>>> print(open('final_35.pdb').read())   # PDB, C-alpha atoms
ATOM      1  CA  MET A   1     126.818  53.155 203.507
ATOM      2  CA  THR A   2     128.141  52.761 207.009
ATOM      3  CA  THR A   3     125.972  53.164 210.087
ATOM      4  CA  THR A   4     127.481  53.779 213.465
ATOM      5  CA  THR A   5     125.752  52.921 216.705
ATOM      6  CA  THR A   6     126.531  54.659 219.953
ATOM      7  CA  ALA A   7     126.443  52.522 223.037
ATOM      8  CA  THR A   8     125.006  54.206 226.040
ATOM      9  CA  ALA A   9     126.502  53.345 229.403
ATOM     10  CA  PRO A  10     124.019  51.862 231.839
ATOM     11  CA  VAL A  11     122.846  54.281 234.494
ATOM     12  CA  THR A  12     123.878  53.107 237.927
ATOM     13  CA  THR A  13     122.064  54.323 240.998
ATOM     14  CA  LYS A  14     123.891  54.532 244.261
ATOM     15  CA  ARG A  15     122.027  52.636 246.948
ATOM     16  CA  PHE A  16     122.428  53.367 250.637
ATOM     17  CA  SER A  17     121.920  50.968 253.497
ATOM     18  CA  ARG A  18     119.502  52.003 256.238
ATOM     19  CA  ARG A  19     122.355  52.897 258.582
ATOM     20  CA  ARG A  20     124.114  55.042 256.001
ATOM     21  CA  LEU A  21     120.849  56.740 255.106
ATOM     22  CA  ILE A  22     120.131  57.564 258.770
ATOM     23  CA  TRP A  23     123.674  58.879 259.237
ATOM     24  CA  ARG A  24     123.322  60.986 256.078
ATOM     25  CA  ARG A  25     120.095  62.539 257.359
ATOM     26  CA  PHE A  26     121.619  63.058 260.789
ATOM     27  CA  ARG A  27     124.619  64.882 259.325
ATOM     28  CA  ARG A  28     122.335  67.333 257.521
ATOM     29  CA  ASN A  29     120.962  68.515 260.845
ATOM     30  CA  ARG A  30     123.451  71.159 261.996
ATOM     31  CA  ILE A  31     122.076  71.389 265.525
ATOM     32  CA  ALA A  32     122.341  67.620 265.923
ATOM     33  CA  MET A  33     125.928  67.624 264.629
ATOM     34  CA  ILE A  34     126.816  70.411 267.054
ATOM     35  CA  GLY A  35     125.356  68.341 269.888
ATOM     36  CA  PHE A  36     127.218  65.236 268.704
ATOM     37  CA  THR A  37     130.506  67.146 268.497
ATOM     38  CA  VAL A  38     130.063  68.679 271.947
ATOM     39  CA  TYR A  39     129.147  65.343 273.525
ATOM     40  CA  LEU A  40     132.064  63.587 271.847
ATOM     41  CA  GLY A  41     134.409  66.354 273.025
ATOM     42  CA  LEU A  42     133.161  66.043 276.609
ATOM     43  CA  ALA A  43     133.551  62.257 276.477
ATOM     44  CA  LEU A  44     137.132  62.553 275.212
ATOM     45  CA  LEU A  45     137.869  65.123 277.913
ATOM     46  CA  ALA A  46     136.574  62.761 280.574
ATOM     47  CA  VAL A  47     138.514  59.768 279.220
ATOM     48  CA  ILE A  48     141.897  61.187 278.248
ATOM     49  CA  GLY A  49     141.849  64.441 280.222
ATOM     50  CA  PRO A  50     142.913  63.086 283.632
ATOM     51  CA  ARG A  51     146.032  61.546 282.088
ATOM     52  CA  TRP A  52     147.041  63.978 279.336
ATOM     53  CA  ILE A  53     145.624  67.362 280.348
ATOM     54  CA  ALA A  54     145.283  67.631 284.121
ATOM     55  CA  GLN A  55     148.413  68.659 285.987
ATOM     56  CA  TRP A  56     146.961  67.538 289.318
ATOM     57  CA  GLY A  57     145.123  64.478 290.546
ATOM     58  CA  TYR A  58     141.524  64.955 291.643
ATOM     59  CA  THR A  59     142.456  63.967 295.208
ATOM     60  CA  ALA A  60     145.677  66.026 295.346
ATOM     61  CA  ILE A  61     145.742  69.068 297.658
ATOM     62  CA  ASP A  62     147.852  72.096 296.812
ATOM     63  CA  ARG A  63     148.498  73.505 300.264
ATOM     64  CA  GLY A  64     148.572  77.261 300.456
ATOM     65  CA  HIS A  65     146.409  77.660 297.335
ATOM     66  CA  TYR A  66     142.864  77.689 298.643
ATOM     67  CA  LEU A  67     139.950  79.196 296.686
ATOM     68  CA  GLU A  68     142.256  80.640 294.047
ATOM     69  CA  GLY A  69     140.829  81.754 290.740
ATOM     70  CA  PRO A  70     141.848  80.361 287.343
ATOM     71  CA  SER A  71     145.586  80.697 286.722
ATOM     72  CA  GLY A  72     148.462  79.007 284.957
ATOM     73  CA  ARG A  73     148.931  76.755 287.978
ATOM     74  CA  HIS A  74     145.262  75.788 288.221
ATOM     75  CA  TRP A  75     143.396  76.439 284.959
ATOM     76  CA  LEU A  76     139.917  76.403 286.541
ATOM     77  CA  GLY A  77     140.972  77.478 290.030
ATOM     78  CA  THR A  78     140.920  75.570 293.292
ATOM     79  CA  THR A  79     138.358  74.564 295.871
ATOM     80  CA  GLN A  80     138.167  75.480 299.540
ATOM     81  CA  GLN A  81     140.284  72.417 300.310
ATOM     82  CA  GLY A  82     142.946  73.332 297.731
ATOM     83  CA  ARG A  83     141.938  70.701 295.153
ATOM     84  CA  ASP A  84     142.326  71.394 291.434
ATOM     85  CA  LEU A  85     138.935  72.132 289.850
ATOM     86  CA  LEU A  86     139.975  71.008 286.370
ATOM     87  CA  ALA A  87     140.898  67.560 287.650
ATOM     88  CA  LEU A  88     137.688  67.388 289.696
ATOM     89  CA  THR A  89     135.591  68.481 286.715
ATOM     90  CA  MET A  90     137.048  65.845 284.397
ATOM     91  CA  ARG A  91     136.640  63.151 287.045
ATOM     92  CA  GLY A  92     133.073  64.218 287.810
ATOM     93  CA  LEU A  93     132.209  64.517 284.127
ATOM     94  CA  GLY A  94     133.359  60.962 283.476
ATOM     95  CA  LYS A  95     131.425  59.642 286.467
ATOM     96  CA  SER A  96     128.201  61.442 285.500
ATOM     97  CA  MET A  97     128.458  60.408 281.839
ATOM     98  CA  LEU A  98     129.075  56.774 282.787
ATOM     99  CA  ILE A  99     126.103  56.691 285.138
ATOM    100  CA  GLY A 100     123.871  58.412 282.578
ATOM    101  CA  PHE A 101     124.884  56.019 279.784
ATOM    102  CA  ILE A 102     124.370  52.854 281.854
ATOM    103  CA  VAL A 103     121.024  54.030 283.252
ATOM    104  CA  GLY A 104     119.745  55.220 279.847
ATOM    105  CA  ILE A 105     120.573  51.948 278.069
ATOM    106  CA  CYS A 106     119.367  49.658 280.861
ATOM    107  CA  SER A 107     116.113  51.575 281.383
ATOM    108  CA  THR A 108     115.315  51.424 277.670
ATOM    109  CA  ALA A 109     116.079  47.686 277.550
ATOM    110  CA  ILE A 110     113.760  46.974 280.500
ATOM    111  CA  ALA A 111     111.008  49.196 279.068
ATOM    112  CA  ALA A 112     111.247  47.481 275.673
ATOM    113  CA  THR A 113     111.094  43.982 277.184
ATOM    114  CA  ILE A 114     108.216  44.614 279.595
ATOM    115  CA  GLY A 115     106.204  46.900 277.307
ATOM    116  CA  ALA A 116     106.461  44.629 274.262
ATOM    117  CA  SER A 117     105.789  41.463 276.297
ATOM    118  CA  ALA A 118     102.696  42.980 277.908
ATOM    119  CA  ALA A 119     101.206  43.916 274.544
ATOM    120  CA  TYR A 120     102.138  40.654 272.821
ATOM    121  CA  TYR A 121     101.046  38.116 275.443
ATOM    122  CA  ARG A 122      98.074  40.161 276.715
ATOM    123  CA  GLY A 123      95.982  38.531 279.458
ATOM    124  CA  TRP A 124      97.564  38.174 282.883
ATOM    125  CA  THR A 125     100.983  39.159 281.605
ATOM    126  CA  GLU A 126      99.642  42.534 280.535
ATOM    127  CA  ARG A 127      97.673  43.055 283.738
ATOM    128  CA  ILE A 128     100.601  42.229 286.020
ATOM    129  CA  SER A 129     103.011  44.342 283.966
ATOM    130  CA  MET A 130     100.730  47.379 283.965
ATOM    131  CA  TRP A 131     100.021  46.915 287.684
ATOM    132  CA  LEU A 132     103.779  46.981 288.322
ATOM    133  CA  VAL A 133     104.148  50.100 286.163
ATOM    134  CA  ASP A 134     101.333  51.890 288.009
ATOM    135  CA  LEU A 135     102.768  50.892 291.394
ATOM    136  CA  LEU A 136     106.239  52.229 290.593
ATOM    137  CA  LEU A 137     104.818  55.418 289.122
ATOM    138  CA  VAL A 138     103.020  56.368 292.341
ATOM    139  CA  LEU A 139     106.021  55.625 294.563
ATOM    140  CA  PRO A 140     108.040  58.720 295.551
ATOM    141  CA  SER A 141     111.190  57.523 293.783
ATOM    142  CA  PHE A 142     113.380  60.451 294.855
ATOM    143  CA  ILE A 143     112.535  59.995 298.534
ATOM    144  CA  VAL A 144     112.945  56.203 298.446
ATOM    145  CA  THR A 145     116.314  56.479 296.690
ATOM    146  CA  ALA A 146     117.501  59.189 299.062
ATOM    147  CA  ILE A 147     116.567  57.206 302.197
ATOM    148  CA  VAL A 148     118.371  54.077 300.997
ATOM    149  CA  LEU A 149     121.497  55.832 299.722
ATOM    150  CA  LYS A 150     121.853  57.899 302.878
ATOM    151  CA  ASN A 151     122.598  54.776 304.930
ATOM    152  CA  VAL A 152     125.144  53.053 302.677
ATOM    153  CA  SER A 153     128.884  53.497 302.323
ATOM    154  CA  PRO A 154     130.134  55.856 299.578
ATOM    155  CA  GLY A 155     131.878  53.028 297.713
ATOM    156  CA  SER A 156     128.789  50.857 297.228
ATOM    157  CA  GLY A 157     126.502  53.866 296.827
ATOM    158  CA  ILE A 158     127.524  54.413 293.196
ATOM    159  CA  TRP A 159     126.234  51.072 291.956
ATOM    160  CA  LEU A 160     123.223  51.212 294.236
ATOM    161  CA  LEU A 161     122.454  54.633 292.767
ATOM    162  CA  ILE A 162     122.555  53.142 289.260
ATOM    163  CA  VAL A 163     120.233  50.314 290.339
ATOM    164  CA  PHE A 164     117.663  52.726 291.780
ATOM    165  CA  LEU A 165     117.806  55.092 288.801
ATOM    166  CA  VAL A 166     117.225  52.141 286.465
ATOM    167  CA  ALA A 167     114.453  50.720 288.646
ATOM    168  CA  PHE A 168     112.488  53.996 288.612
ATOM    169  CA  GLY A 169     113.326  55.148 285.095
ATOM    170  CA  TRP A 170     111.576  52.796 282.653
ATOM    171  CA  MET A 171     107.831  52.938 283.406
ATOM    172  CA  LEU A 172     106.655  55.760 281.125
ATOM    173  CA  SER A 173     108.676  54.379 278.217
ATOM    174  CA  ALA A 174     107.151  50.927 278.796
ATOM    175  CA  ARG A 175     103.667  52.390 278.386
ATOM    176  CA  VAL A 176     104.594  54.001 275.074
ATOM    177  CA  ILE A 177     106.299  50.818 273.820
ATOM    178  CA  ARG A 178     103.239  48.776 274.790
ATOM    179  CA  THR A 179     101.051  51.049 272.669
ATOM    180  CA  LEU A 180     103.414  50.789 269.692
ATOM    181  CA  THR A 181     103.603  47.005 270.034
ATOM    182  CA  MET A 182      99.815  46.769 269.911
ATOM    183  CA  SER A 183      99.949  48.431 266.492
ATOM    184  CA  VAL A 184     102.410  45.891 265.047
ATOM    185  CA  ARG A 185     101.561  42.623 266.842
ATOM    186  CA  ASP A 186      98.898  41.701 264.240
ATOM    187  CA  ARG A 187     101.045  42.422 261.191
ATOM    188  CA  GLU A 188     101.530  39.661 258.628
ATOM    189  CA  TYR A 189     105.132  38.880 259.510
ATOM    190  CA  VAL A 190     104.278  38.511 263.212
ATOM    191  CA  THR A 191     101.292  36.287 262.449
ATOM    192  CA  ALA A 192     103.368  34.151 260.076
ATOM    193  CA  ALA A 193     106.091  33.682 262.696
ATOM    194  CA  ARG A 194     103.475  32.715 265.278
ATOM    195  CA  TYR A 195     101.932  30.066 262.982
ATOM    196  CA  MET A 196     105.412  28.695 262.247
ATOM    197  CA  GLY A 197     105.811  27.913 265.933
ATOM    198  CA  VAL A 198     108.408  30.585 266.714
ATOM    199  CA  PRO A 199     108.564  31.188 270.508
ATOM    200  CA  GLY A 200     106.952  34.371 271.749
ATOM    201  CA  MET A 201     110.114  35.986 273.131
ATOM    202  CA  THR A 202     111.914  35.269 269.854
ATOM    203  CA  ILE A 203     109.129  37.032 267.955
ATOM    204  CA  ILE A 204     109.354  39.981 270.331
ATOM    205  CA  PHE A 205     113.124  40.421 270.007
ATOM    206  CA  ARG A 206     113.433  39.468 266.327
ATOM    207  CA  HIS A 207     110.323  40.972 264.743
ATOM    208  CA  ILE A 208     108.600  43.469 267.056
ATOM    209  CA  ILE A 209     111.385  45.371 268.820
ATOM    210  CA  PRO A 210     113.431  45.961 265.620
ATOM    211  CA  ASN A 211     110.353  47.571 264.050
ATOM    212  CA  ILE A 212     110.030  50.065 266.898
ATOM    213  CA  SER A 213     113.777  50.631 267.228
ATOM    214  CA  SER A 214     113.415  54.264 266.154
ATOM    215  CA  LEU A 215     111.598  55.102 269.371
ATOM    216  CA  LEU A 216     114.014  53.012 271.439
ATOM    217  CA  ILE A 217     117.056  54.866 270.125
ATOM    218  CA  ILE A 218     115.478  58.236 270.853
ATOM    219  CA  ASP A 219     114.275  57.062 274.265
ATOM    220  CA  ALA A 220     117.758  55.862 275.185
ATOM    221  CA  ALA A 221     119.311  59.180 274.135
ATOM    222  CA  LEU A 222     116.854  61.227 276.166
ATOM    223  CA  GLY A 223     117.075  58.756 279.045
ATOM    224  CA  ILE A 224     120.783  59.499 279.344
ATOM    225  CA  ALA A 225     120.042  63.193 279.883
ATOM    226  CA  GLY A 226     117.343  62.398 282.428
ATOM    227  CA  ALA A 227     119.635  60.037 284.329
ATOM    228  CA  VAL A 228     122.414  62.634 284.476
ATOM    229  CA  LEU A 229     120.006  65.207 285.894
ATOM    230  CA  ALA A 230     118.667  62.717 288.436
ATOM    231  CA  GLU A 231     122.172  61.757 289.561
ATOM    232  CA  THR A 232     123.155  65.419 289.756
ATOM    233  CA  SER A 233     120.122  66.241 291.887
ATOM    234  CA  LEU A 234     120.839  63.455 294.357
ATOM    235  CA  SER A 235     124.554  64.269 294.525
ATOM    236  CA  PHE A 236     123.744  67.966 294.991
ATOM    237  CA  PHE A 237     122.007  67.097 298.264
ATOM    238  CA  GLY A 238     124.801  64.728 299.292
ATOM    239  CA  LEU A 239     122.726  61.586 298.688
ATOM    240  CA  GLY A 240     124.290  60.251 295.473
ATOM    241  CA  ILE A 241     128.006  60.386 294.769
ATOM    242  CA  ARG A 242     129.855  61.333 297.943
ATOM    243  CA  PRO A 243     133.477  62.140 298.814
ATOM    244  CA  PRO A 244     136.117  60.969 298.193
ATOM    245  CA  GLU A 245     134.448  60.361 294.801
ATOM    246  CA  THR A 246     133.128  63.303 292.814
ATOM    247  CA  SER A 247     130.541  64.041 290.134
ATOM    248  CA  LEU A 248     129.091  67.127 288.535
ATOM    249  CA  GLY A 249     126.394  67.125 291.213
ATOM    250  CA  THR A 250     128.876  67.212 294.076
ATOM    251  CA  LEU A 251     130.839  70.004 292.370
ATOM    252  CA  ILE A 252     127.684  72.070 291.910
ATOM    253  CA  GLY A 253     126.601  71.375 295.487
ATOM    254  CA  ASP A 254     129.954  72.462 296.911
ATOM    255  CA  GLY A 255     130.141  75.538 294.701
ATOM    256  CA  ALA A 256     126.541  76.690 295.145
ATOM    257  CA  ARG A 257     127.294  78.140 298.567
ATOM    258  CA  MET A 258     130.034  80.322 297.065
ATOM    259  CA  ALA A 259     128.521  80.995 293.636
ATOM    260  CA  THR A 260     128.421  84.777 294.130
ATOM    261  CA  THR A 261     131.763  85.217 295.886
ATOM    262  CA  PHE A 262     133.881  82.532 294.178
ATOM    263  CA  PRO A 263     131.929  81.803 290.959
ATOM    264  CA  TRP A 264     134.527  79.476 289.428
ATOM    265  CA  THR A 265     133.764  76.858 292.086
ATOM    266  CA  PHE A 266     130.166  76.700 290.828
ATOM    267  CA  LEU A 267     130.767  77.148 287.098
ATOM    268  CA  ALA A 268     133.293  74.288 286.966
ATOM    269  CA  GLY A 269     130.448  71.797 287.436
ATOM    270  CA  ALA A 270     127.487  73.760 286.086
ATOM    271  CA  VAL A 271     128.870  74.584 282.617
ATOM    272  CA  PRO A 272     129.766  70.959 281.658
ATOM    273  CA  LEU A 273     126.383  69.786 282.952
ATOM    274  CA  VAL A 274     124.471  72.298 280.835
ATOM    275  CA  LEU A 275     126.580  71.521 277.764
ATOM    276  CA  MET A 276     126.109  67.776 278.183
ATOM    277  CA  VAL A 277     122.339  67.911 278.671
ATOM    278  CA  LEU A 278     121.900  70.275 275.715
ATOM    279  CA  ALA A 279     124.123  68.075 273.546
ATOM    280  CA  VAL A 280     122.135  64.929 274.392
ATOM    281  CA  ASN A 281     118.843  66.699 273.685
ATOM    282  CA  PHE A 282     120.167  67.963 270.338
ATOM    283  CA  ILE A 283     121.305  64.425 269.474
ATOM    284  CA  GLY A 284     117.887  63.043 270.432
ATOM    285  CA  ASP A 285     116.115  65.590 268.230
ATOM    286  CA  GLY A 286     118.485  64.806 265.376
ATOM    287  CA  LEU A 287     117.881  61.066 265.696
ATOM    288  CA  ARG A 288     114.133  61.616 265.737
ATOM    289  CA  ASP A 289     114.321  63.593 262.484
ATOM    290  CA  ALA A 290     116.778  61.170 260.871
ATOM    291  CA  LEU A 291     114.638  58.135 261.694
ATOM    292  CA  ASP A 292     111.456  59.804 260.437
ATOM    293  CA  PRO A 293     111.471  59.648 256.603
ATOM    294  CA  THR A 294     108.733  62.309 256.369
ATOM    295  CA  SER A 295     110.654  64.858 258.418
ATOM    296  CA  ARG A 296     111.926  67.882 256.497
ATOM    297  CA  ALA A 297     114.712  68.389 259.037
ATOM    298  CA  GLY A 298     115.829  64.814 258.520
ATOM    299  CA  GLY A 299     116.096  65.215 254.804
ATOM    300  CA  GLY A 300     112.844  63.547 253.913
ATOM    301  CA  GLN A 301     111.991  66.220 251.392
ATOM    302  CA  ALA A 302     115.444  66.327 249.803
TER     303      ALA A 302
END
>>> encode(input="final_35.pdb", output="structure tokens")
Amino acid sequence: MTTTTTATAPVTTKRFSRRRLIWRRFRRNRIAMIGFTVYLGLALLAVIGPRWIAQWGYTAIDRGHYLEGPSGRHWLGTTQQGRDLLALTMRGLGKSMLIGFIVGICSTAIAATIGASAAYYRGWTERISMWLVDLLLVLPSFIVTAIVLKNVSPGSGIWLLIVFLVAFGWMLSARVIRTLTMSVRDREYVTAARYMGVPGMTIIFRHIIPNISSLLIIDAALGIAGAVLAETSLSFFGLGIRPPETSLGTLIGDGARMATTFPWTFLAGAVPLVLMVLAVNFIGDGLRDALDPTSRAGGGQA
């Protein structure tokens, strides 16, 4: 009598790394993917557009074609000076996106360092840090920035604008990060590192900040949108980016006076700005849901 045995293949489970899991949750959020696609499209337009798409340079003047509407010669029309609006829009879009990205990342880095250090070291470090935060919060940042930028040359004003936006853009985030650090500073892994003689700043950057990275990523994403709006507001009043350079704020400021009579001069800067801010906000919401394992939108219930 012969007996046959059937071998069953071992069941293998597919394991995802944390990054792949976050990306998988992010992809499930349609609104977030729309925002990511729009932002990526705008970034590509700003990078490769001036070379491969624009038929005119942003400083070129087409004499005899002033305030013309969209046409085959000028796809988005021309300004009062005869400059091509498509070239100006792509140049301004790149400038605004660059400023927003630098300010968002730098502000988040400063907020993480000061907020986490204040909560970890406590004592005088915390008092001085919170005093600095309170002092900067009560200062009229818009007025201070405007007064300084009004008296500098246009060339150096761009980097000075970035410095001021960073200097006045990290305080509220630092308060939130301080609160989160207070909830993790007494965890076992932090206490063990402290007893092993690990320096305080090493503990902050190796053990504390990585455990609150979810908030930092979201804060950086939303900080980019806030920085773009701040730069646009200053440039709108002629206090940020100034000719011969251009940004979305300068385009909107120049076109606002003719928005009802020559609407393309206003829409050329306003539409990309709205799309970019919405896209960044959608990305921020998507990251929040993807980083939160209990979120239904992030796939936590799947």
>>> closest_residue(input="final_35.pdb", among="A:Ile110, A:Leu287, A:Phe36, A:Phe262", to="A:Tyr66", atoms="all atoms listed in the file")
A:Phe262
>>> resolve_selection(input="final_35.pdb", expression="the PyMOL selection byres ((chain A and resi 175) around 10)", output="list in words")
Ala111, Ala112, Ile114, Gly115, Ala116, Ala118, Ala119, Ser129, Met130, Val133, Asp134, Trp170, Met171, Leu172, Ser173, Ala174, Val176, Ile177, Arg178, Thr179, Leu180 and Thr181 of chain A
>>> resolve_selection(input="final_35.pdb", expression="the PyMOL selection byres ((chain A and resi 277) around 12)", output="PyMOL selection string")
chain A and resi 35-36+38-39+42+93+96-97+100+221-230+232+248+270-276+278-284
>>> write_last_selection(input="final_35.pdb", atoms="C-alpha atoms", output="JSON list (two decimals), in the frame of the given file")
[["chain", "number", "residue", "atom", "x", "y", "z"],
["A", 35, "GLY", "CA", 125.36, 68.34, 269.89],
["A", 36, "PHE", "CA", 127.22, 65.24, 268.70],
["A", 38, "VAL", "CA", 130.06, 68.68, 271.95],
["A", 39, "TYR", "CA", 129.15, 65.34, 273.52],
["A", 42, "LEU", "CA", 133.16, 66.04, 276.61],
["A", 93, "LEU", "CA", 132.21, 64.52, 284.13],
["A", 96, "SER", "CA", 128.20, 61.44, 285.50],
["A", 97, "MET", "CA", 128.46, 60.41, 281.84],
["A", 100, "GLY", "CA", 123.87, 58.41, 282.58],
["A", 221, "ALA", "CA", 119.31, 59.18, 274.14],
["A", 222, "LEU", "CA", 116.85, 61.23, 276.17],
["A", 223, "GLY", "CA", 117.08, 58.76, 279.04],
["A", 224, "ILE", "CA", 120.78, 59.50, 279.34],
["A", 225, "ALA", "CA", 120.04, 63.19, 279.88],
["A", 226, "GLY", "CA", 117.34, 62.40, 282.43],
["A", 227, "ALA", "CA", 119.64, 60.04, 284.33],
["A", 228, "VAL", "CA", 122.41, 62.63, 284.48],
["A", 229, "LEU", "CA", 120.01, 65.21, 285.89],
["A", 230, "ALA", "CA", 118.67, 62.72, 288.44],
["A", 232, "THR", "CA", 123.16, 65.42, 289.76],
["A", 248, "LEU", "CA", 129.09, 67.13, 288.54],
["A", 270, "ALA", "CA", 127.49, 73.76, 286.09],
["A", 271, "VAL", "CA", 128.87, 74.58, 282.62],
["A", 272, "PRO", "CA", 129.77, 70.96, 281.66],
["A", 273, "LEU", "CA", 126.38, 69.79, 282.95],
["A", 274, "VAL", "CA", 124.47, 72.30, 280.83],
["A", 275, "LEU", "CA", 126.58, 71.52, 277.76],
["A", 276, "MET", "CA", 126.11, 67.78, 278.18],
["A", 278, "LEU", "CA", 121.90, 70.28, 275.71],
["A", 279, "ALA", "CA", 124.12, 68.08, 273.55],
["A", 280, "VAL", "CA", 122.14, 64.93, 274.39],
["A", 281, "ASN", "CA", 118.84, 66.70, 273.68],
["A", 282, "PHE", "CA", 120.17, 67.96, 270.34],
["A", 283, "ILE", "CA", 121.30, 64.42, 269.47],
["A", 284, "GLY", "CA", 117.89, 63.04, 270.43]]
>>> atom_distance(input="final_35.pdb", atom1="atom CA of A:His74", atom2="atom CA of A:Thr265")
12.2 Å
>>> residues_around(input="final_35.pdb", residues="stretch 156-160 of chain A", least_positions_apart="2", cutoff="12 Å", atoms="all atoms listed in the file", output="MDAnalysis selection string")
chainID A and resid 95:96 98:100 102:103 145:154 162:167 231 234:235 238:247
>>> closest_residue(input="final_35.pdb", among="A:Ala193, A:Ala109, A:Leu67, A:Leu136", to="A:Gln80", atoms="only C-alpha atoms")
A:Leu67
>>> residues_around(input="final_35.pdb", residues="stretch 197-206 of chain A", least_positions_apart="3", cutoff="8 Å", atoms="all atoms listed in the file", output="VMD selection string")
chain A and resid 116 to 117 120 to 121 190 193 to 194 209 to 210
>>> residues_near_point(input="final_35.pdb", point="(122.7, 66.2, 263.1)", cutoff="9 Å", atoms="only C-alpha atoms", output="PDB file with C-alpha atoms, in the coordinates of the input")
ATOM      1  CA  TRP A  23     123.674  58.879 259.237  1.00  0.00           C
ATOM      2  CA  ARG A  24     123.322  60.986 256.078  1.00  0.00           C
ATOM      3  CA  ARG A  25     120.095  62.539 257.359  1.00  0.00           C
ATOM      4  CA  PHE A  26     121.619  63.058 260.789  1.00  0.00           C
ATOM      5  CA  ARG A  27     124.619  64.882 259.325  1.00  0.00           C
ATOM      6  CA  ARG A  28     122.335  67.333 257.521  1.00  0.00           C
ATOM      7  CA  ASN A  29     120.962  68.515 260.845  1.00  0.00           C
ATOM      8  CA  ARG A  30     123.451  71.159 261.996  1.00  0.00           C
ATOM      9  CA  ILE A  31     122.076  71.389 265.525  1.00  0.00           C
ATOM     10  CA  ALA A  32     122.341  67.620 265.923  1.00  0.00           C
ATOM     11  CA  MET A  33     125.928  67.624 264.629  1.00  0.00           C
ATOM     12  CA  ILE A  34     126.816  70.411 267.054  1.00  0.00           C
ATOM     13  CA  GLY A  35     125.356  68.341 269.888  1.00  0.00           C
ATOM     14  CA  PHE A  36     127.218  65.236 268.704  1.00  0.00           C
ATOM     15  CA  PHE A 282     120.167  67.963 270.338  1.00  0.00           C
ATOM     16  CA  ILE A 283     121.305  64.425 269.474  1.00  0.00           C
ATOM     17  CA  ASP A 285     116.115  65.590 268.230  1.00  0.00           C
ATOM     18  CA  GLY A 286     118.485  64.806 265.376  1.00  0.00           C
ATOM     19  CA  LEU A 287     117.881  61.066 265.696  1.00  0.00           C
ATOM     20  CA  ASP A 289     114.321  63.593 262.484  1.00  0.00           C
ATOM     21  CA  ALA A 290     116.778  61.170 260.871  1.00  0.00           C
ATOM     22  CA  GLY A 298     115.829  64.814 258.520  1.00  0.00           C
TER      23      GLY A 298
END
>>> atom_distance(input="final_35.pdb", atom1="atom CA of A:Gly57", atom2="atom CA of A:Leu40")
22.8 Å
>>> closest_residue(input="final_35.pdb", among="A:Thr261, A:Thr89, A:Thr78, A:Ser183", to="A:Ile212", atoms="all atoms listed in the file")
A:Ser183
>>> atom_distance(input="final_35.pdb", atom1="atom CA of A:Arg288", atom2="atom CA of A:Ala43")
22.2 Å
>>> closest_residue(input="final_35.pdb", among="A:Val138, A:Ala87, A:Ile48, A:Ala60", to="A:Ala268", atoms="only C-alpha atoms")
A:Ala87
>>> closest_residue(input="final_35.pdb", among="A:Pro140, A:Ile22, A:Leu251, A:Arg185", to="A:Ser214", atoms="only C-alpha atoms")
A:Ile22
>>> resolve_selection(input="final_35.pdb", expression="the PyMOL selection byres ((chain A and resi 49) around 12)", output="list in words")
Gly41, Leu42, Ala43, Leu44, Leu45, Ala46, Val47, Ile48, Pro50, Arg51, Trp52, Ile53, Ala54, Gln55, Trp56, Gly57, Tyr58, Leu86, Ala87, Leu88, Thr89, Met90, Arg91, Gly92, Leu93 and Gly94 of chain A
>>> closest_residue(input="final_35.pdb", among="A:Tyr195, A:Phe237, A:Arg187, A:Phe168", to="A:Thr108", atoms="only C-alpha atoms")
A:Phe168
>>> build_atoms(input="final_35.pdb", residues="stretch 131-140 of chain A", atoms="N, CA and C atoms", output="PDB file, keeping the file's coordinate frame")
ATOM      1  N   TRP A 131     100.151  46.676 286.246  1.00  0.00           N
ATOM      2  CA  TRP A 131     100.021  46.915 287.684  1.00  0.00           C
ATOM      3  C   TRP A 131     101.366  47.309 288.274  1.00  0.00           C
ATOM      4  N   LEU A 132     102.441  46.638 287.844  1.00  0.00           N
ATOM      5  CA  LEU A 132     103.779  46.981 288.322  1.00  0.00           C
ATOM      6  C   LEU A 132     104.170  48.393 287.893  1.00  0.00           C
ATOM      7  N   VAL A 133     103.851  48.755 286.656  1.00  0.00           N
ATOM      8  CA  VAL A 133     104.148  50.100 286.163  1.00  0.00           C
ATOM      9  C   VAL A 133     103.415  51.146 286.987  1.00  0.00           C
ATOM     10  N   ASP A 134     102.122  50.927 287.228  1.00  0.00           N
ATOM     11  CA  ASP A 134     101.333  51.890 288.009  1.00  0.00           C
ATOM     12  C   ASP A 134     101.845  52.002 289.441  1.00  0.00           C
ATOM     13  N   LEU A 135     102.262  50.870 290.024  1.00  0.00           N
ATOM     14  CA  LEU A 135     102.768  50.892 291.394  1.00  0.00           C
ATOM     15  C   LEU A 135     104.051  51.708 291.492  1.00  0.00           C
ATOM     16  N   LEU A 136     104.972  51.502 290.560  1.00  0.00           N
ATOM     17  CA  LEU A 136     106.239  52.229 290.593  1.00  0.00           C
ATOM     18  C   LEU A 136     106.059  53.708 290.270  1.00  0.00           C
ATOM     19  N   LEU A 137     105.050  54.018 289.473  1.00  0.00           N
ATOM     20  CA  LEU A 137     104.818  55.418 289.122  1.00  0.00           C
ATOM     21  C   LEU A 137     104.317  56.231 290.307  1.00  0.00           C
ATOM     22  N   VAL A 138     103.563  55.609 291.212  1.00  0.00           N
ATOM     23  CA  VAL A 138     103.020  56.368 292.341  1.00  0.00           C
ATOM     24  C   VAL A 138     103.986  56.409 293.516  1.00  0.00           C
ATOM     25  N   LEU A 139     105.035  55.578 293.485  1.00  0.00           N
ATOM     26  CA  LEU A 139     106.021  55.625 294.563  1.00  0.00           C
ATOM     27  C   LEU A 139     106.859  56.894 294.463  1.00  0.00           C
ATOM     28  N   PRO A 140     107.158  57.540 295.574  1.00  0.00           N
ATOM     29  CA  PRO A 140     108.040  58.720 295.551  1.00  0.00           C
ATOM     30  C   PRO A 140     109.486  58.278 295.352  1.00  0.00           C
TER      31      PRO A 140
END
